[in-house]
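Novice: Hey, dropping structure-v2.pdb in here, PDB, C-alpha atoms, pLDDT in the B column:
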ATOM      1  CA  MET C   1     -16.760 -10.483  16.143  1.00 70.00           C
ATOM      2  CA  PHE C   2     -15.523  -7.207  14.598  1.00 70.00           C
ATOM      3  CA  ILE C   3     -19.108  -6.016  14.038  1.00 80.00           C
ATOM      4  CA  SER C   4     -19.956  -5.901  17.718  1.00 84.00           C
ATOM      5  CA  HIS C   5     -16.613  -4.687  19.025  1.00 86.00           C
ATOM      6  CA  PRO C   6     -15.869  -1.219  17.614  1.00 87.00           C
ATOM      7  CA  ASP C   7     -12.235  -0.198  17.459  1.00 90.00           C
ATOM      8  CA  TRP C   8     -10.126   2.495  15.815  1.00 92.00           C
ATOM      9  CA  TYR C   9     -10.227   0.711  12.481  1.00 91.00           C
ATOM     10  CA  SER C  10     -14.041   0.787  12.526  1.00 89.00           C
ATOM     11  CA  LEU C  11     -13.937   4.502  13.230  1.00 91.00           C
ATOM     12  CA  LEU C  12     -11.455   5.078  10.411  1.00 93.00           C
ATOM     13  CA  VAL C  13     -13.615   3.177   7.914  1.00 89.00           C
ATOM     14  CA  ALA C  14     -16.730   5.129   8.930  1.00 91.00           C
ATOM     15  CA  LEU C  15     -14.871   8.452   8.672  1.00 93.00           C
ATOM     16  CA  ALA C  16     -13.627   7.542   5.209  1.00 91.00           C
ATOM     17  CA  ALA C  17     -17.138   6.509   4.146  1.00 89.00           C
ATOM     18  CA  GLY C  18     -18.590   9.787   5.401  1.00 90.00           C
ATOM     19  CA  ALA C  19     -15.968  11.899   3.645  1.00 91.00           C
ATOM     20  CA  ALA C  20     -16.224   9.961   0.390  1.00 86.00           C
ATOM     21  CA  GLY C  21     -20.006  10.062   0.463  1.00 85.00           C
ATOM     22  CA  THR C  22     -20.053  13.809   1.023  1.00 86.00           C
ATOM     23  CA  LEU C  23     -17.513  14.399  -1.726  1.00 85.00           C
ATOM     24  CA  SER C  24     -19.584  12.231  -4.036  1.00 82.00           C
ATOM     25  CA  LEU C  25     -22.701  14.255  -3.273  1.00 82.00           C
ATOM     26  CA  THR C  26     -21.058  17.652  -3.689  1.00 84.00           C
ATOM     27  CA  THR C  27     -19.043  16.975  -6.825  1.00 80.00           C
ATOM     28  CA  ILE C  28     -19.820  15.541 -10.237  1.00 76.00           C
ATOM     29  CA  LYS C  29     -18.926  12.008  -9.143  1.00 65.00           C
ATOM     30  CA  SER C  30     -21.027   8.862  -9.044  1.00 65.00           C
ATOM     31  CA  GLY C  31     -24.012   9.044  -6.726  1.00 63.00           C
ATOM     32  CA  ALA C  32     -24.126   5.240  -6.521  1.00 67.00           C
ATOM     33  CA  LEU C  33     -20.933   5.287  -4.490  1.00 67.00           C
ATOM     34  CA  ILE C  34     -22.745   6.864  -1.548  1.00 69.00           C
ATOM     35  CA  GLY C  35     -25.072   3.934  -1.000  1.00 73.00           C
ATOM     36  CA  VAL C  36     -22.258   1.437  -1.117  1.00 72.00           C
ATOM     37  CA  LEU C  37     -20.085   3.339   1.340  1.00 72.00           C
ATOM     38  CA  VAL C  38     -22.865   3.923   3.834  1.00 74.00           C
ATOM     39  CA  SER C  39     -24.064   0.327   3.525  1.00 81.00           C
ATOM     40  CA  VAL C  40     -20.593  -1.006   4.291  1.00 81.00           C
ATOM     41  CA  THR C  41     -20.609   0.766   7.638  1.00 84.00           C
ATOM     42  CA  THR C  42     -24.249   0.513   8.742  1.00 90.00           C
ATOM     43  CA  ILE C  43     -25.864  -2.657   7.380  1.00 91.00           C
ATOM     44  CA  PRO C  44     -23.599  -5.207   9.138  1.00 92.00           C
ATOM     45  CA  ALA C  45     -24.086  -3.554  12.532  1.00 93.00           C
ATOM     46  CA  ALA C  46     -27.857  -3.191  12.068  1.00 94.00           C
ATOM     47  CA  ALA C  47     -28.176  -6.814  10.960  1.00 94.00           C
ATOM     48  CA  ASN C  48     -26.086  -7.981  13.900  1.00 94.00           C
ATOM     49  CA  ILE C  49     -28.406  -6.119  16.285  1.00 96.00           C
ATOM     50  CA  ALA C  50     -31.345  -8.130  14.955  1.00 96.00           C
ATOM     51  CA  VAL C  51     -29.524 -11.464  14.975  1.00 96.00           C
ATOM     52  CA  ALA C  52     -28.163 -10.939  18.480  1.00 95.00           C
ATOM     53  CA  ALA C  53     -31.633 -10.029  19.737  1.00 97.00           C
ATOM     54  CA  ALA C  54     -33.089 -13.152  18.102  1.00 97.00           C
ATOM     55  CA  TYR C  55     -30.510 -15.289  19.919  1.00 97.00           C
ATOM     56  CA  ALA C  56     -30.874 -13.255  23.133  1.00 97.00           C
ATOM     57  CA  ASP C  57     -27.139 -12.539  23.144  1.00 95.00           C
ATOM     58  CA  TRP C  58     -27.382  -9.198  24.903  1.00 96.00           C
ATOM     59  CA  GLY C  59     -23.657  -8.552  25.110  1.00 94.00           C
ATOM     60  CA  GLU C  60     -23.374  -8.911  21.344  1.00 94.00           C
ATOM     61  CA  TRP C  61     -26.539  -6.818  20.948  1.00 96.00           C
ATOM     62  CA  ARG C  62     -25.108  -3.927  22.987  1.00 96.00           C
ATOM     63  CA  GLY C  63     -21.807  -4.122  21.132  1.00 95.00           C
ATOM     64  CA  ALA C  64     -23.538  -4.026  17.742  1.00 95.00           C
ATOM     65  CA  GLN C  65     -25.609  -1.044  18.864  1.00 96.00           C
ATOM     66  CA  LEU C  66     -22.445   0.751  19.948  1.00 95.00           C
ATOM     67  CA  GLN C  67     -20.872  -0.060  16.583  1.00 95.00           C
ATOM     68  CA  LEU C  68     -23.868   1.391  14.734  1.00 95.00           C
ATOM     69  CA  VAL C  69     -23.830   4.567  16.832  1.00 95.00           C
ATOM     70  CA  VAL C  70     -20.078   4.992  16.313  1.00 94.00           C
ATOM     71  CA  ASN C  71     -20.469   4.490  12.557  1.00 93.00           C
ATOM     72  CA  LEU C  72     -23.353   6.939  12.220  1.00 93.00           C
ATOM     73  CA  ALA C  73     -21.604   9.563  14.347  1.00 95.00           C
ATOM     74  CA  ALA C  74     -18.386   9.183  12.363  1.00 94.00           C
ATOM     75  CA  ILE C  75     -20.221   9.440   9.031  1.00 93.00           C
ATOM     76  CA  LEU C  76     -21.966  12.600  10.220  1.00 94.00           C
ATOM     77  CA  ALA C  77     -18.760  14.141  11.612  1.00 96.00           C
ATOM     78  CA  ALA C  78     -16.775  13.347   8.475  1.00 95.00           C
ATOM     79  CA  GLY C  79     -19.533  14.774   6.299  1.00 92.00           C
ATOM     80  CA  ILE C  80     -19.625  18.013   8.266  1.00 96.00           C
ATOM     81  CA  LEU C  81     -15.833  18.348   8.274  1.00 97.00           C
ATOM     82  CA  THR C  82     -15.718  17.650   4.533  1.00 94.00           C
ATOM     83  CA  LEU C  83     -18.293  20.366   3.879  1.00 94.00           C
ATOM     84  CA  ILE C  84     -16.358  22.810   6.057  1.00 96.00           C
ATOM     85  CA  GLY C  85     -13.176  21.976   4.158  1.00 96.00           C
ATOM     86  CA  GLN C  86     -14.891  22.427   0.805  1.00 93.00           C
ATOM     87  CA  ARG C  87     -16.333  25.763   1.914  1.00 94.00           C
ATOM     88  CA  TRP C  88     -12.905  26.919   3.061  1.00 95.00           C
ATOM     89  CA  ALA C  89     -11.263  25.846  -0.210  1.00 92.00           C
ATOM     90  CA  TYR C  90     -13.978  27.561  -2.246  1.00 91.00           C
ATOM     91  CA  GLY C  91     -13.530  30.769  -0.248  1.00 91.00           C
ATOM     92  CA  ARG C  92      -9.787  30.733  -0.880  1.00 89.00           C
ATOM     93  CA  ARG C  93     -10.255  30.179  -4.610  1.00 87.00           C
ATOM     94  CA  THR C  94     -12.783  32.982  -4.966  1.00 87.00           C
ATOM     95  CA  ALA C  95     -10.685  35.357  -2.857  1.00 86.00           C
ATOM     96  CA  ARG C  96      -7.662  34.832  -5.135  1.00 85.00           C
ATOM     97  CA  ARG C  97      -9.726  35.561  -8.225  1.00 82.00           C
ATOM     98  CA  GLY C  98     -11.194  38.504  -6.561  1.00 66.00           C
TER      99      GLY C  98
END
Would you encode the structure as structure tokens?
Specialist:
Amino acid sequence: MFISHPDWYSLLVALAAGAAGTLSLTTIKSGALIGVLVSVTTIPAAANIAVAAAYADWGEWRGAQLQLVVNLAAILAAGILTLIGQRWAYGRRTARRG
């Protein structure tokens, strides 16, 4: 039920996954973490789209599609905001050393 009915918790999880994934990519942290975090937010919704279509449950299908779009948008937004924050922090550090 939670896969096809996005709420604020779903958005929060996707934002956290996007931020953690971006931090993992841009620092010397584990790259394997990225796949896990993105999979947690996208695979259940994508799978539910297929299952709902197979059962012709179009309400569930639309809800799962909305969940996938929300998750992807939140991952993208969190990634961009994380990069902006890292750029800002780097600028401050280099300006102090200056």
Novice: Might you pull out every residue within 10 Å of segment 85-96 of chain C, with all atoms listed in the file counted and same-chain residues fewer than 4 positions away left off, and present them as a PyMOL selection string?
Specialist: chain C and resi 23+26+79-81
Novice: Edge lengths and centre in Å to one decimal, as AutoDock Vina command-line options, of the axis-aligned box that encloses all listed atoms of segment 3-14 of chain C with 3 Å added on every side?
Specialist:
--center_x -15.0 --center_y -0.4 --center_z 13.5 --size_x 15.8 --size_y 17.1 --size_z 17.1
Novice: Using all atoms listed in the file, which of the listed residues (C:Ala52, C:Leu25, C:Val36, C:Ala16) sits closest to Ile3 of chain C?
Specialist: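 Smallest distance to Ile3 of chain C is found for C:Ala52.
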Novice: Have a look at C:Val51, C:Ala14, C:Ile84, C:Ala78 and name the one nearest to Ser39 of chain C; count only C-alpha atoms.
Specialist: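 Closest to Ser39 of chain C, using only C-alpha atoms: C:Ala14.
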Novice: Could you spell out the hits of the PyMOL selection byres ((chain C and resi 1) around 10) on the shown file, as a ChimeraX atom specification?
Specialist: /C:2-6,48,60,63-64
Novice: I'd like to know which of C:Ile28, C:Trp8, C:Ala45, C:Gly35 is closest to Val69 of chain C, using only C-alpha atoms.
Specialist: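 That would be C:Ala45, the residue with the smallest distance to Val69 of chain C.
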Novice: Please compute the atom CA of Thr82 of chain C-atom CA of Leu37 of chain C distance, one decimal, in Å.
Specialist: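 Between atom CA of Thr82 of chain C and atom CA of Leu37 of chain C the gap is 15.3 Å.
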Novice: Just so the selection is clear, what residues does the PyMOL selection byres ((chain C and resi 42) around 9) cover here, as JSON, numbers by chain?
Specialist: {"C": [14, 37, 38, 39, 40, 41, 43, 44, 45, 46, 47, 67, 68, 71, 72]}
